[in-house]
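Asks: One file: target_3.txt (compact mmCIF, C-alpha atoms).
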```txt
# COMPACT_ATOMS: atom_id res chain seq x y z
CA MET M 1 76.78 21.95 13.34
CA ARG M 2 73.07 21.22 13.31
CA LEU M 3 72.23 24.91 13.80
CA ALA M 4 74.57 25.87 10.98
CA TRP M 5 72.83 23.42 8.65
CA LYS M 6 69.46 24.82 9.69
CA GLU M 7 70.67 28.36 8.96
CA ARG M 8 72.05 27.26 5.63
CA LYS M 9 68.80 25.51 4.77
CA SER M 10 66.84 28.69 5.54
CA ALA M 11 69.20 30.77 3.43
CA LEU M 12 68.90 28.34 0.53
CA LEU M 13 65.13 28.35 0.85
CA ILE M 14 64.82 32.13 0.77
CA VAL M 15 67.22 32.42 -2.14
CA GLY M 16 65.31 29.71 -4.04
CA LEU M 17 61.94 31.29 -3.35
CA CYS M 18 63.13 34.76 -4.34
CA LEU M 19 64.67 33.47 -7.55
CA GLY M 20 61.46 31.60 -8.31
CA HIS M 21 59.42 34.75 -7.83
CA LEU M 22 61.80 36.87 -9.87
CA LEU M 23 61.60 34.32 -12.67
CA LEU M 24 57.83 34.33 -12.46
CA VAL M 25 57.74 38.13 -12.56
CA SER M 26 60.31 38.42 -15.35
CA ILE M 27 58.50 36.07 -17.74
CA GLN M 28 55.48 38.35 -17.56
CA VAL M 29 57.29 41.62 -18.20
CA PRO M 30 56.32 43.17 -20.53
CA ARG M 31 52.95 41.79 -19.58
CA GLY M 32 51.37 39.44 -22.05
CA ASP M 33 47.69 38.92 -22.73
CA SER M 34 47.12 35.63 -21.00
CA PRO M 35 48.14 34.65 -17.46
CA THR M 36 50.58 31.86 -16.78
CA LEU M 37 49.38 28.35 -16.08
CA PHE M 38 50.54 28.71 -12.49
CA ASN M 39 48.55 31.90 -12.09
CA ARG M 40 45.46 30.13 -13.45
CA ALA M 41 46.02 27.21 -11.08
CA VAL M 42 46.31 29.44 -7.98
CA PHE M 43 43.21 31.36 -9.06
CA ALA M 44 41.30 28.12 -9.67
CA VAL M 45 42.21 26.82 -6.22
CA PHE M 46 41.55 29.94 -4.18
CA ALA M 47 38.66 31.58 -6.05
CA PRO M 48 36.18 28.88 -4.87
CA LEU M 49 37.36 29.55 -1.33
CA GLN M 50 36.63 33.19 -1.80
CA ARG M 51 33.25 32.27 -3.18
CA ALA M 52 32.63 30.03 -0.15
CA ALA M 53 33.67 32.77 2.24
CA GLN M 54 31.32 35.14 0.49
CA GLY M 55 28.53 32.59 0.86
CA VAL M 56 29.19 32.07 4.56
CA VAL M 57 29.25 35.80 5.24
CA ARG M 58 25.97 36.25 3.45
CA ALA M 59 24.41 33.32 5.27
CA VAL M 60 25.46 34.61 8.69
CA GLY M 61 24.14 38.06 7.86
CA SER M 62 20.69 36.77 7.06
CA ALA M 63 20.43 34.19 9.87
CA GLY M 64 18.28 36.41 12.07
CA ARG M 65 15.35 36.45 9.70
CA SER M 66 12.61 33.88 9.77
CA TYR M 67 13.40 31.06 7.38
CA ARG M 68 9.96 30.75 5.88
CA GLU M 69 9.41 34.41 5.42
CA TYR M 70 12.87 34.71 4.03
CA ARG M 71 12.31 31.94 1.53
CA SER M 72 9.06 33.18 0.12
CA LEU M 73 10.21 36.77 0.04
CA ARG M 74 13.48 35.81 -1.52
CA ALA M 75 11.84 33.76 -4.26
CA GLU M 76 9.45 36.57 -5.04
CA SER M 77 12.14 39.16 -4.91
CA GLN M 78 14.48 37.11 -7.09
CA LYS M 79 11.77 36.62 -9.66
CA MET M 80 10.89 40.29 -9.72
CA LYS M 81 14.50 41.32 -9.73
CA LYS M 82 15.26 39.05 -12.61
CA GLU M 83 12.27 40.27 -14.56
CA PHE M 84 13.16 43.86 -13.77
CA PHE M 85 16.74 43.19 -14.72
CA PHE M 86 15.80 41.74 -18.10
CA LEU M 87 13.26 44.46 -18.79
CA ARG M 88 15.71 47.23 -18.00
CA GLN M 89 18.43 45.66 -20.07
CA GLU M 90 16.01 45.15 -22.95
CA ASN M 91 14.65 48.64 -22.66
CA ARG M 92 18.10 50.19 -22.55
CA PHE M 93 19.37 48.10 -25.38
CA LEU M 94 16.34 48.72 -27.53
CA ARG M 95 16.38 52.48 -27.00
CA ASP M 96 20.06 52.94 -27.62
CA ALA M 97 20.44 50.48 -30.44
CA LEU M 98 17.37 51.88 -32.17
CA GLY M 99 18.74 55.37 -31.85
CA ALA M 100 22.06 54.28 -33.28
CA PHE M 101 21.96 52.42 -36.55
CA ARG M 102 20.18 49.09 -36.43
CA GLU M 103 17.11 48.13 -38.33
CA GLU M 104 14.10 46.91 -36.40
CA ALA M 105 14.43 43.31 -37.54
CA VAL M 106 18.05 43.19 -36.46
CA ILE M 107 17.17 44.62 -33.06
CA ARG M 108 14.42 42.06 -32.59
CA ARG M 109 16.76 39.23 -33.45
CA ASN M 110 19.42 40.61 -31.14
CA LEU M 111 16.97 40.96 -28.27
CA GLU M 112 15.91 37.34 -28.52
CA ALA M 113 19.49 36.20 -28.49
CA PHE M 114 20.19 38.65 -25.71
CA ARG M 115 17.55 37.25 -23.33
CA ASP M 116 18.75 33.68 -23.75
CA ASN M 117 22.35 34.59 -23.33
CA LEU M 118 22.35 36.55 -20.14
CA ALA M 119 23.90 35.21 -16.93
CA VAL M 120 23.24 37.09 -13.71
CA ALA M 121 26.36 37.10 -11.55
CA ARG M 122 27.42 38.47 -8.20
CA VAL M 123 30.63 40.36 -7.54
CA ILE M 124 32.57 38.33 -4.97
CA GLY M 125 35.89 40.14 -4.90
CA VAL M 126 37.78 43.21 -5.98
CA ASP M 127 41.30 43.60 -7.27
CA THR M 128 43.61 43.94 -4.26
CA GLY M 129 46.06 46.09 -6.19
CA ASN M 130 43.56 48.54 -7.62
CA PRO M 131 39.78 48.08 -7.35
CA TYR M 132 39.18 50.09 -10.52
CA LYS M 133 41.03 47.52 -12.60
CA ALA M 134 39.09 44.30 -12.09
CA VAL M 135 36.48 42.45 -10.05
CA ILE M 136 35.82 38.75 -9.57
CA ILE M 137 32.35 37.32 -10.22
CA ASN M 138 30.74 34.04 -9.21
CA ARG M 139 30.13 32.70 -12.72
CA GLY M 140 32.66 30.65 -14.64
CA SER M 141 33.11 28.24 -17.49
CA LEU M 142 30.47 25.86 -16.07
CA ASP M 143 27.92 28.67 -16.48
CA GLY M 144 28.97 29.25 -20.06
CA VAL M 145 31.22 32.19 -19.31
CA ARG M 146 34.26 32.55 -21.51
CA LYS M 147 36.92 35.14 -22.15
CA ASP M 148 35.90 38.45 -23.78
CA MET M 149 32.22 38.42 -22.84
CA PRO M 150 30.70 41.86 -22.12
CA VAL M 151 29.50 42.52 -18.57
CA CYS M 152 26.86 45.09 -17.65
CA ASP M 153 25.52 46.42 -14.37
CA ARG M 154 21.90 45.95 -13.30
CA SER M 155 20.81 48.95 -15.38
CA GLY M 156 22.41 47.65 -18.55
CA HIS M 157 25.41 49.96 -18.48
CA LEU M 158 28.69 48.50 -19.62
CA ILE M 159 31.17 47.75 -16.83
CA GLY M 160 33.75 45.65 -18.69
CA ARG M 161 34.49 42.23 -20.10
CA THR M 162 35.56 38.85 -18.81
CA VAL M 163 39.27 38.17 -19.03
CA GLU M 164 41.45 35.25 -18.09
CA PRO M 165 41.66 33.47 -15.76
CA VAL M 166 38.15 32.01 -16.06
CA ALA M 167 37.76 29.24 -13.45
CA LEU M 168 34.93 26.69 -13.30
CA LYS M 169 32.64 28.85 -11.19
CA GLU M 170 34.49 32.17 -11.00
CA SER M 171 35.95 34.60 -13.46
CA ARG M 172 37.71 37.92 -13.57
CA VAL M 173 36.13 40.99 -15.16
CA GLN M 174 38.34 43.75 -16.49
CA LEU M 175 36.55 47.04 -15.80
CA ILE M 176 36.35 49.83 -18.36
CA THR M 177 38.04 52.03 -15.75
CA ASP M 178 41.22 49.95 -16.11
CA ASP M 179 43.91 51.85 -17.96
CA GLU M 180 44.57 48.78 -20.08
CA SER M 181 40.98 48.46 -21.23
CA GLY M 182 39.81 49.88 -24.53
CA VAL M 183 36.25 50.33 -25.81
CA SER M 184 35.23 51.74 -29.16
CA VAL M 185 32.49 54.29 -28.45
CA ILE M 186 30.37 56.87 -30.23
CA SER M 187 28.70 59.93 -28.73
CA GLU M 188 24.92 59.89 -28.98
CA LYS M 189 24.39 63.46 -30.22
CA ASP M 190 27.53 64.40 -32.11
CA ARG M 191 28.39 60.91 -33.47
CA LEU M 192 31.97 61.41 -32.34
CA VAL M 193 33.89 58.13 -32.49
CA GLY M 194 36.82 57.38 -30.19
CA VAL M 195 38.48 54.84 -27.96
CA LEU M 196 37.53 54.87 -24.28
CA VAL M 197 40.28 53.93 -21.83
CA GLY M 198 40.18 53.96 -18.03
CA ASP M 199 42.27 56.21 -15.82
CA ALA M 200 42.49 53.45 -13.16
CA VAL M 201 42.81 56.09 -10.47
CA ARG M 202 39.57 57.97 -10.00
CA GLY M 203 37.18 55.50 -11.56
CA ARG M 204 36.85 57.69 -14.63
CA CYS M 205 37.69 57.17 -18.31
CA LEU M 206 39.28 59.17 -21.09
CA LEU M 207 38.03 59.37 -24.65
CA LYS M 208 41.21 59.03 -26.69
CA TYR M 209 42.23 60.04 -30.17
CA ILE M 210 39.76 62.90 -30.65
CA MET M 211 41.50 65.33 -32.93
CA ILE M 212 41.70 68.89 -31.72
CA THR M 213 39.99 69.96 -34.97
CA ALA M 214 37.12 67.47 -34.54
CA LEU M 215 33.69 68.97 -34.13
CA GLY M 216 31.43 67.80 -31.33
CA GLY M 217 32.20 66.21 -27.99
CA THR M 218 30.01 68.30 -25.73
CA GLU M 219 29.71 67.94 -21.98
CA GLY M 220 26.81 65.74 -20.97
CA ASP M 221 26.78 63.77 -24.22
CA VAL M 222 26.18 60.05 -23.70
CA LEU M 223 28.62 57.49 -25.10
CA LEU M 224 27.51 54.15 -26.55
CA THR M 225 29.56 51.21 -27.76
CA THR M 226 30.02 51.02 -31.54
CA GLY M 227 30.92 47.34 -31.87
CA PHE M 228 33.90 48.23 -34.06
CA ASP M 229 36.31 46.74 -31.54
CA LYS M 230 34.79 43.27 -32.01
CA LEU M 231 34.60 42.98 -28.22
CA TYR M 232 31.39 44.72 -27.24
CA PRO M 233 28.10 44.69 -29.15
CA ALA M 234 26.93 48.06 -30.43
CA GLY M 235 24.54 50.27 -28.51
CA ILE M 236 25.46 49.59 -24.89
CA PRO M 237 25.53 52.82 -22.84
CA VAL M 238 28.95 53.40 -21.32
CA GLY M 239 29.17 56.85 -19.76
CA ARG M 240 28.74 60.58 -20.06
CA ILE M 241 31.27 63.22 -21.12
CA VAL M 242 32.06 65.44 -18.13
CA SER M 243 34.75 67.71 -19.55
CA VAL M 244 36.44 68.55 -22.83
CA THR M 245 39.69 70.49 -22.88
CA SER M 246 41.97 71.35 -25.74
CA SER M 247 45.47 70.65 -24.52
CA PRO M 248 48.57 71.42 -26.61
CA GLY M 249 49.07 68.65 -29.13
CA LEU M 250 46.99 66.77 -31.64
CA PHE M 251 44.20 65.46 -29.45
CA LYS M 252 41.57 66.82 -27.08
CA THR M 253 41.36 65.63 -23.46
CA VAL M 254 37.86 64.25 -23.03
CA VAL M 255 37.00 62.99 -19.54
CA VAL M 256 34.13 60.52 -19.25
CA GLN M 257 32.25 59.45 -16.14
CA PRO M 258 31.10 55.82 -16.53
CA PHE M 259 27.45 55.15 -15.78
CA PHE M 260 28.15 52.28 -13.40
CA THR M 261 28.86 53.09 -9.77
CA PHE M 262 31.71 51.04 -8.39
CA ASN M 263 30.42 50.86 -4.81
CA GLU M 264 27.03 49.61 -6.00
CA LEU M 265 28.35 46.74 -8.10
CA GLY M 266 26.49 43.88 -6.49
CA GLU M 267 24.75 42.01 -9.25
CA VAL M 268 25.98 42.16 -12.82
CA ALA M 269 24.97 40.58 -16.11
CA VAL M 270 27.32 38.64 -18.34
CA LEU M 271 26.27 38.67 -21.99
CA LYS M 272 27.19 35.12 -22.86
CA MET M 273 28.21 35.91 -26.40
CA THR M 274 31.38 37.39 -27.69
CA ALA M 275 30.99 40.20 -30.23
CA LEU M 276 31.91 37.81 -33.02
CA GLU M 277 28.88 35.64 -32.20
CA TRP M 278 26.57 38.60 -31.75
CA MET D 1 49.45 17.12 17.96
CA GLY D 2 53.05 17.10 16.80
CA GLU D 3 54.90 20.38 16.51
CA ARG D 4 55.36 19.99 12.78
CA LEU D 5 51.72 19.23 12.11
CA ARG D 6 50.72 22.13 14.32
CA ASN D 7 52.96 24.43 12.29
CA GLN D 8 51.32 23.30 9.09
CA VAL D 9 47.81 23.63 10.48
CA GLU D 10 48.55 27.14 11.73
CA ALA D 11 49.95 28.13 8.35
CA VAL D 12 46.94 26.76 6.45
CA VAL D 13 44.45 28.36 8.86
CA ALA D 14 46.25 31.72 8.62
CA THR D 15 46.16 31.61 4.81
CA LEU D 16 42.48 30.69 4.74
CA ALA D 17 41.68 33.39 7.29
CA ALA D 18 43.48 35.92 5.09
CA VAL D 19 41.37 34.94 2.06
CA VAL D 20 38.19 35.21 4.13
CA LEU D 21 39.22 38.60 5.55
CA TYR D 22 40.06 39.86 2.06
CA THR D 23 36.67 38.69 0.73
CA VAL D 24 34.69 40.19 3.59
CA LEU D 25 36.53 43.52 3.50
CA GLY D 26 36.39 43.76 -0.28
CA ARG D 27 32.66 43.21 -0.18
CA ALA D 28 32.14 45.72 2.65
CA HIS D 29 34.14 48.47 0.97
CA PRO D 30 36.66 48.25 -1.87
CA GLY D 31 38.99 50.70 -0.12
CA ALA D 32 39.18 48.49 2.98
CA VAL D 33 41.47 45.96 1.25
CA ALA D 34 43.96 48.77 0.72
CA LEU D 35 44.07 49.59 4.41
CA VAL D 36 43.96 46.10 5.92
CA ASN D 37 46.04 43.53 4.08
CA GLY D 38 44.98 40.22 5.61
CA PHE D 39 47.71 38.38 3.72
CA ALA D 40 50.44 40.56 5.26
CA ILE D 41 48.95 40.06 8.73
CA ALA D 42 48.92 36.28 8.26
CA VAL D 43 52.56 36.29 7.16
CA VAL D 44 53.62 38.51 10.07
CA VAL D 45 51.89 36.34 12.65
CA ILE D 46 53.15 33.00 11.32
CA ALA D 47 56.69 34.26 10.75
CA PHE D 48 56.89 35.66 14.25
CA ARG D 49 55.60 32.49 15.86
CA ARG D 50 57.17 29.85 13.66
CA GLY D 51 60.42 31.33 12.36
CA GLU D 52 61.87 32.34 9.03
CA THR D 53 61.29 29.11 7.09
CA ALA D 54 57.58 28.95 7.87
CA GLY D 55 57.39 32.74 7.39
CA ALA D 56 58.94 32.58 3.95
CA LEU D 57 56.73 29.69 2.84
CA VAL D 58 53.53 31.28 4.13
CA GLY D 59 54.70 34.55 2.56
CA THR D 60 55.04 32.81 -0.78
CA VAL D 61 51.60 31.21 -0.61
CA CYS D 62 49.81 34.32 0.70
CA GLY D 63 51.59 36.57 -1.80
CA LEU D 64 50.70 34.36 -4.74
CA VAL D 65 47.09 34.11 -3.62
CA GLN D 66 46.94 37.89 -3.36
CA ASP D 67 48.49 38.13 -6.83
CA SER D 68 45.93 35.73 -8.26
CA PHE D 69 43.16 38.11 -7.15
CA THR D 70 44.72 41.10 -8.88
CA ALA D 71 45.15 42.06 -12.50
CA GLY D 72 48.80 42.96 -11.93
CA VAL D 73 51.97 40.96 -12.41
CA PHE D 74 51.74 37.51 -10.84
CA GLY D 75 54.54 36.99 -8.34
CA LEU D 76 55.06 40.59 -7.22
CA SER D 77 53.35 40.27 -3.85
CA GLY D 78 54.72 36.72 -3.65
CA LEU D 79 58.25 38.05 -3.71
CA THR D 80 57.74 40.87 -1.21
CA LYS D 81 55.72 38.76 1.21
CA THR D 82 58.31 35.96 1.07
CA LEU D 83 60.96 38.49 2.09
CA LEU D 84 58.66 39.88 4.79
CA GLY D 85 58.10 36.43 6.28
CA PHE D 86 61.77 35.58 6.22
CA VAL D 87 62.97 38.87 7.71
CA ILE D 88 60.42 38.85 10.53
CA GLY D 89 61.05 35.20 11.36
CA TYR D 90 64.81 35.65 11.32
CA ILE D 91 65.00 38.85 13.37
CA ALA D 92 62.34 37.74 15.85
CA ARG D 93 64.62 34.87 16.82
CA LYS D 94 67.55 37.20 17.45
CA ILE D 95 66.00 39.98 19.51
CA HIS D 96 63.63 40.05 22.43
CA LEU D 97 60.30 41.68 21.67
CA GLY D 98 58.34 41.32 24.87
CA SER D 99 56.30 44.50 25.13
CA PHE D 100 53.53 45.59 22.82
CA ALA D 101 55.34 48.80 21.91
CA ARG D 102 58.55 47.05 20.82
CA LEU D 103 56.61 44.43 18.92
CA PHE D 104 54.53 47.09 17.21
CA VAL D 105 57.55 49.16 16.16
CA PHE D 106 59.33 46.08 14.82
CA LEU D 107 56.31 44.86 12.85
CA PHE D 108 55.65 48.36 11.56
CA LEU D 109 59.20 48.67 10.23
CA ALA D 110 59.03 45.25 8.57
CA ALA D 111 55.57 45.90 7.08
CA PHE D 112 56.67 49.33 5.92
CA LEU D 113 59.72 47.89 4.14
CA GLU D 114 57.57 45.22 2.50
CA TRP D 115 55.07 47.87 1.40
CA LEU D 116 57.91 50.05 0.09
CA ALA D 117 59.35 47.10 -1.86
CA TRP D 118 55.92 46.33 -3.35
CA VAL D 119 55.34 49.96 -4.34
CA GLY D 120 58.88 50.16 -5.75
CA PHE D 121 58.49 47.03 -7.87
CA TYR D 122 55.03 48.12 -8.98
CA MET D 123 56.28 51.50 -10.15
CA LEU D 124 59.31 49.92 -11.79
CA ILE D 125 57.28 47.38 -13.75
CA PHE D 126 54.23 49.46 -14.59
CA GLY D 127 56.09 52.75 -14.95
CA GLU D 128 53.23 54.61 -13.32
CA ARG D 129 52.20 56.07 -9.99
CA ILE D 130 50.57 53.79 -7.47
CA TYR D 131 46.86 54.26 -6.87
CA ALA D 132 46.69 55.21 -3.18
CA ARG D 133 42.90 55.05 -2.78
CA ASN D 134 42.51 58.38 -0.98
CA GLY D 135 45.69 57.77 1.01
CA LEU D 136 44.37 54.58 2.63
CA LEU D 137 47.21 52.57 1.12
CA PHE D 138 49.79 54.63 3.03
CA PHE D 139 48.32 53.44 6.30
CA GLN D 140 48.55 49.77 5.38
CA PRO D 141 51.85 49.09 7.26
CA LEU D 142 50.38 50.76 10.34
CA ALA D 143 47.24 48.61 10.19
CA THR D 144 49.30 45.47 9.58
CA ALA D 145 51.56 46.21 12.54
CA ALA D 146 48.65 47.02 14.84
CA ALA D 147 46.65 43.93 13.89
CA GLY D 148 49.73 41.68 13.94
CA SER D 149 50.86 42.91 17.39
CA LEU D 150 47.40 42.46 18.84
CA ILE D 151 46.99 38.94 17.48
CA LEU D 152 50.45 37.93 18.69
CA LEU D 153 49.89 39.33 22.16
CA VAL D 154 46.55 37.58 22.51
CA TRP D 155 48.09 34.35 21.24
CA ARG D 156 50.96 34.69 23.71
CA ARG D 157 48.51 35.17 26.58
CA LEU D 158 46.58 32.10 25.50
CA ASP D 159 49.80 30.05 25.34
CA GLN D 160 50.76 31.23 28.82
CA ARG D 161 47.36 30.36 30.22
CA ARG D 162 47.48 26.96 28.59
CA ALA D 163 50.94 26.31 30.01
CA ALA D 164 49.85 27.34 33.51
```
Re-express the file's structure as structure tokens.
Replies:
Amino acid sequence: MRLAWKERKSALLIVGLCLGHLLLVSIQVPRGDSPTLFNRAVFAVFAPLQRAAQGVVRAVGSAGRSYREYRSLRAESQKMKKEFFFLRQENRFLRDALGAFREEAVIRRNLEAFRDNLAVARVIGVDTGNPYKAVIINRGSLDGVRKDMPVCDRSGHLIGRTVEPVALKESRVQLITDDESGVSVISEKDRLVGVLVGDAVRGRCLLKYIMITALGGTEGDVLLTTGFDKLYPAGIPVGRIVSVTSSPGLFKTVVVQPFFTFNELGEVAVLKMTALEW
Amino acid sequence: MGERLRNQVEAVVATLAAVVLYTVLGRAHPGAVALVNGFAIAVVVIAFRRGETAGALVGTVCGLVQDSFTAGVFGLSGLTKTLLGFVIGYIARKIHLGSFARLFVFLFLAAFLEWLAWVGFYMLIFGERIYARNGLLFFQPLATAAAGSLILLVWRRLDQRRAA
């Protein structure tokens, strides 16, 4: 009798759990823009743990070094890194934006805002389903990070934008290689405008909606953000065209290799302004 | 320590260990999280040791945590890992799995079915091919079974030694 009740209890539990999951899955299909409250809660609870684990791993790895030497070297290195980081970002931004369409005064104003609104973050996790879709960084709402803020690598190349959930000290970054991401871009030489979407498989992107009759779009041409999408500020380098093929249909197939290297994504920069505030 | 409390502690430790393993592997190499799914290993181990109820509950928690770290549909891994925990816990009570080989084959079959269910749901919902990360993803059930069998055997030895 007791065993039968136990069996029945297990069966009820599994049925309840499965129904709960199916309900959870079904309310998100087709997938909406923002995650459920439950999803946010689980992320908020476990992301700090991930951050802590990351911290412990790093601490254990560096335990062998002398503490004093480590401290002074680290401080110096951090300072130089930060300076280098800012200088590279500024340099990149200045060069590309100047070459695009901004007046000097506008660029100057943007650069000032840019320096004050940069948060250096560390990648603490990758998407378990597909690493080319998203990464998790160790900066959150307490650091001023909000949804839809552009994120660049250490050389100032665009890697994506922050998306929900944004926890207190962690947030998710949707990469430009995600097939659901979209970036309005322009080619540096030919001034070809299109929408860049990820292929989510090889870490590459595709330049969409380039008419087969459109002139330009040569291999090696650099793509910059236009700012038309109201998500990313104009002038950020994104990638380089690697192949252009004219397939049957209305549009060309333009394959783009992003500038950022996935395996080298250690430190990134969050531009703490949405395009609307830029 | 009471049996119930011990069950709960084991479940919590397994979940935390899975998060740590996922973080460490993801940092070492992004492809490593495709091959070794710490969450699946945690579910397998707890389900085998503690039965279908604990297996299903740990499966739910581990699956949802895994889902919260991905950009996909929240609840997909939760569902498949709940089923994995339940099936392993239930069958492990019914059949004798003494040797490493039998344990390995059983865990491999269960992990493979869970993987198949996850891939199936993924393709059904997203309507696209799964990203196999140079084929590493196909070896995930094998890695889960190998790691799970090893952990269970070591744990069994430790229990035996403690009892002696």
Asks: Looking at D:Leu107, D:Val13, D:Ala28, D:Val20, which one is nearest to Gly55 (chain M), with distances taken over only C-alpha atoms?
Replies: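 Closest to Gly55 (chain M) of all the choices is D:Val20.
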Asks: So which residues touch Leu35 (chain D) within 8 Å, counting only C-alpha atoms, skipping near sequence neighbours fewer than 2 positions away, as an mmCIF file with C-alpha atoms, in the coordinates of the input?
Replies:
```cif
data_model
loop_
_atom_site.group_PDB
_atom_site.id
_atom_site.type_symbol
_atom_site.label_atom_id
_atom_site.label_comp_id
_atom_site.auth_asym_id
_atom_site.auth_seq_id
_atom_site.Cartn_x
_atom_site.Cartn_y
_atom_site.Cartn_z
ATOM 1 C CA GLY D 31 38.990 50.700 -0.120
ATOM 2 C CA ALA D 32 39.180 48.490 2.980
ATOM 3 C CA VAL D 33 41.470 45.960 1.250
ATOM 4 C CA ASN D 37 46.040 43.530 4.080
ATOM 5 C CA LEU D 136 44.370 54.580 2.630
ATOM 6 C CA LEU D 137 47.210 52.570 1.120
ATOM 7 C CA PHE D 138 49.790 54.630 3.030
ATOM 8 C CA PHE D 139 48.320 53.440 6.300
ATOM 9 C CA GLN D 140 48.550 49.770 5.380
ATOM 10 C CA ALA D 143 47.240 48.610 10.190
#
```
Asks: Report as a tab-separated table: every residue of chain M with an atom at most 7 Å from chain D, its closest pair of atoms, and their distance in Å to one decimal, counting only C-alpha atoms, with rows sorted by chain and ascending residue number.
Replies:
```
residue	atom	partner	partner_atom	distance
M:Ser10	CA	D:Thr53	CA	5.8
M:Ile14	CA	D:Ala56	CA	6.7
M:Cys18	CA	D:Leu79	CA	5.9
M:His21	CA	D:Gly75	CA	5.4
M:Leu24	CA	D:Gly75	CA	5.9
M:Val25	CA	D:Gly75	CA	5.4
M:Gln28	CA	D:Val73	CA	6.8
M:Asn39	CA	D:Ser68	CA	6.0
M:Val42	CA	D:Ser68	CA	6.3
M:Phe43	CA	D:Ser68	CA	5.2
M:Phe46	CA	D:Val65	CA	7.0
M:Gln50	CA	D:Thr23	CA	6.1
M:Ala53	CA	D:Val20	CA	5.5
M:Gln54	CA	D:Thr23	CA	6.4
M:Ile124	CA	D:Arg27	CA	6.8
M:Gly125	CA	D:Thr23	CA	5.9
M:Val126	CA	D:Gly26	CA	5.9
M:Asp127	CA	D:Thr70	CA	4.5
M:Thr128	CA	D:Thr70	CA	5.5
M:Gly129	CA	D:Thr70	CA	5.8
M:Asn130	CA	D:Tyr131	CA	6.6
M:Pro131	CA	D:Pro30	CA	6.3
M:Lys133	CA	D:Ala71	CA	6.8
M:Ala134	CA	D:Ala71	CA	6.5
M:Val201	CA	D:Tyr131	CA	5.7
```
Asks: Can you pull out every residue within 9 Å of Val58 (chain D), counting all atoms listed in the file, but drop anything in the same chain fewer than 4 positions away, and send it as number ranges by chain?
Replies: D: 11-12, 14-15, 42-43, 46-47, 53-54, 62-63, 81-82, 85
Asks: Would you mind exporting C-alpha atoms of the selected residues as a compact mmCIF listing (two decimals), in the coordinates of the input?
Replies:
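Result saved to result11.txt:
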```txt
# COMPACT_ATOMS: atom_id res chain seq x y z
CA ALA D 11 49.95 28.13 8.35
CA VAL D 12 46.94 26.76 6.45
CA ALA D 14 46.25 31.72 8.62
CA THR D 15 46.16 31.61 4.81
CA ALA D 42 48.92 36.28 8.26
CA VAL D 43 52.56 36.29 7.16
CA ILE D 46 53.15 33.00 11.32
CA ALA D 47 56.69 34.26 10.75
CA THR D 53 61.29 29.11 7.09
CA ALA D 54 57.58 28.95 7.87
CA CYS D 62 49.81 34.32 0.70
CA GLY D 63 51.59 36.57 -1.80
CA LYS D 81 55.72 38.76 1.21
CA THR D 82 58.31 35.96 1.07
CA GLY D 85 58.10 36.43 6.28
```
Asks: Fewer than 2 positions away in the same chain doesn't count, so skip those; otherwise give me all residues within 7 Å of region 149-166 of chain M, counting all atoms listed in the file, as a VMD selection string.
Replies: chain M and resid 34 to 35 40 85 88 to 89 92 140 to 141 146 to 147 168 170 to 176 232 236 to 238 259 to 260 265 267 to 274
Asks: Excluding Ala101 (chain D) and any residue of its chain fewer than 4 positions from it, enumerate the residues within 12 Å of it, using all atoms listed in the file, and give them as a VMD selection string.
Replies: chain D and resid 97 105 to 108 145 to 146 149 to 150 153
Asks: Output C-alpha atoms of each residue in that selection to a file, as a short mmCIF file (atom, residue, chain, number, x, y, z; two decimals), in the frame of the given file.
Replies:
```
data_model
loop_
_atom_site.label_atom_id
_atom_site.label_comp_id
_atom_site.auth_asym_id
_atom_site.auth_seq_id
_atom_site.Cartn_x
_atom_site.Cartn_y
_atom_site.Cartn_z
CA LEU D 97 60.30 41.68 21.67
CA VAL D 105 57.55 49.16 16.16
CA PHE D 106 59.33 46.08 14.82
CA LEU D 107 56.31 44.86 12.85
CA PHE D 108 55.65 48.36 11.56
CA ALA D 145 51.56 46.21 12.54
CA ALA D 146 48.65 47.02 14.84
CA SER D 149 50.86 42.91 17.39
CA LEU D 150 47.40 42.46 18.84
CA LEU D 153 49.89 39.33 22.16
#
```
Asks: What does the distance from CA of Gly120 (chain D) to CA of Leu22 (chain M) come to in Å, to one decimal?
Replies: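 Spanning CA of Gly120 (chain D) to CA of Leu22 (chain M) is a straight-line distance of 14.2 Å.
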Asks: Do you have the CA of Phe100 (chain D)-CA of Phe48 (chain D) distance handy?
Replies: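 Atom-to-atom, CA of Phe100 (chain D) to CA of Phe48 (chain D), that is 13.5 Å.
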Asks: Report, in Å to a single decimal, how far apart CA of Asn263 (chain M) and CA of Ile186 (chain M) are.
Replies: 26.1 Å
Asks: Box in all listed atoms of region 71-80 of chain D, axis-aligned, with 4 Å more on each side; write out centre and edge lengths in Å to one decimal as AutoDock Vina command-line options.
Replies:
```
--center_x 51.7 --center_y 39.8 --center_z -6.9 --size_x 21.1 --size_y 14.2 --size_z 19.3
```
Asks: Could you pull out every residue with an atom within 12 Å of (24.1, 65.6, -31.2), file coordinates, counting all atoms listed in the file, and send them as a list in words?
Replies: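 Checking each residue against the 12 Å limit leaves Gly99, Ala100, Ile186, Ser187, Glu188, Lys189, Asp190, Arg191, Leu192, Leu215, Gly216, Gly217, Thr218, Glu219, Gly220, Asp221, Val222 and Leu223 of chain M.
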Asks: Taking the point (24.9, 29.0, -11.8) as given in the file, collect each protein or nucleic acid residue that comes within 12 Å of it, counting all atoms listed in the file, and present the set as a list in words.
Replies: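 Nearby residues: Leu118, Ala119, Val120, Ala121, Arg122, Ile137, Asn138, Arg139, Gly140, Ser141, Leu142, Asp143, Gly144, Val145, Leu168, Lys169, Glu170 and Val270 of chain M.
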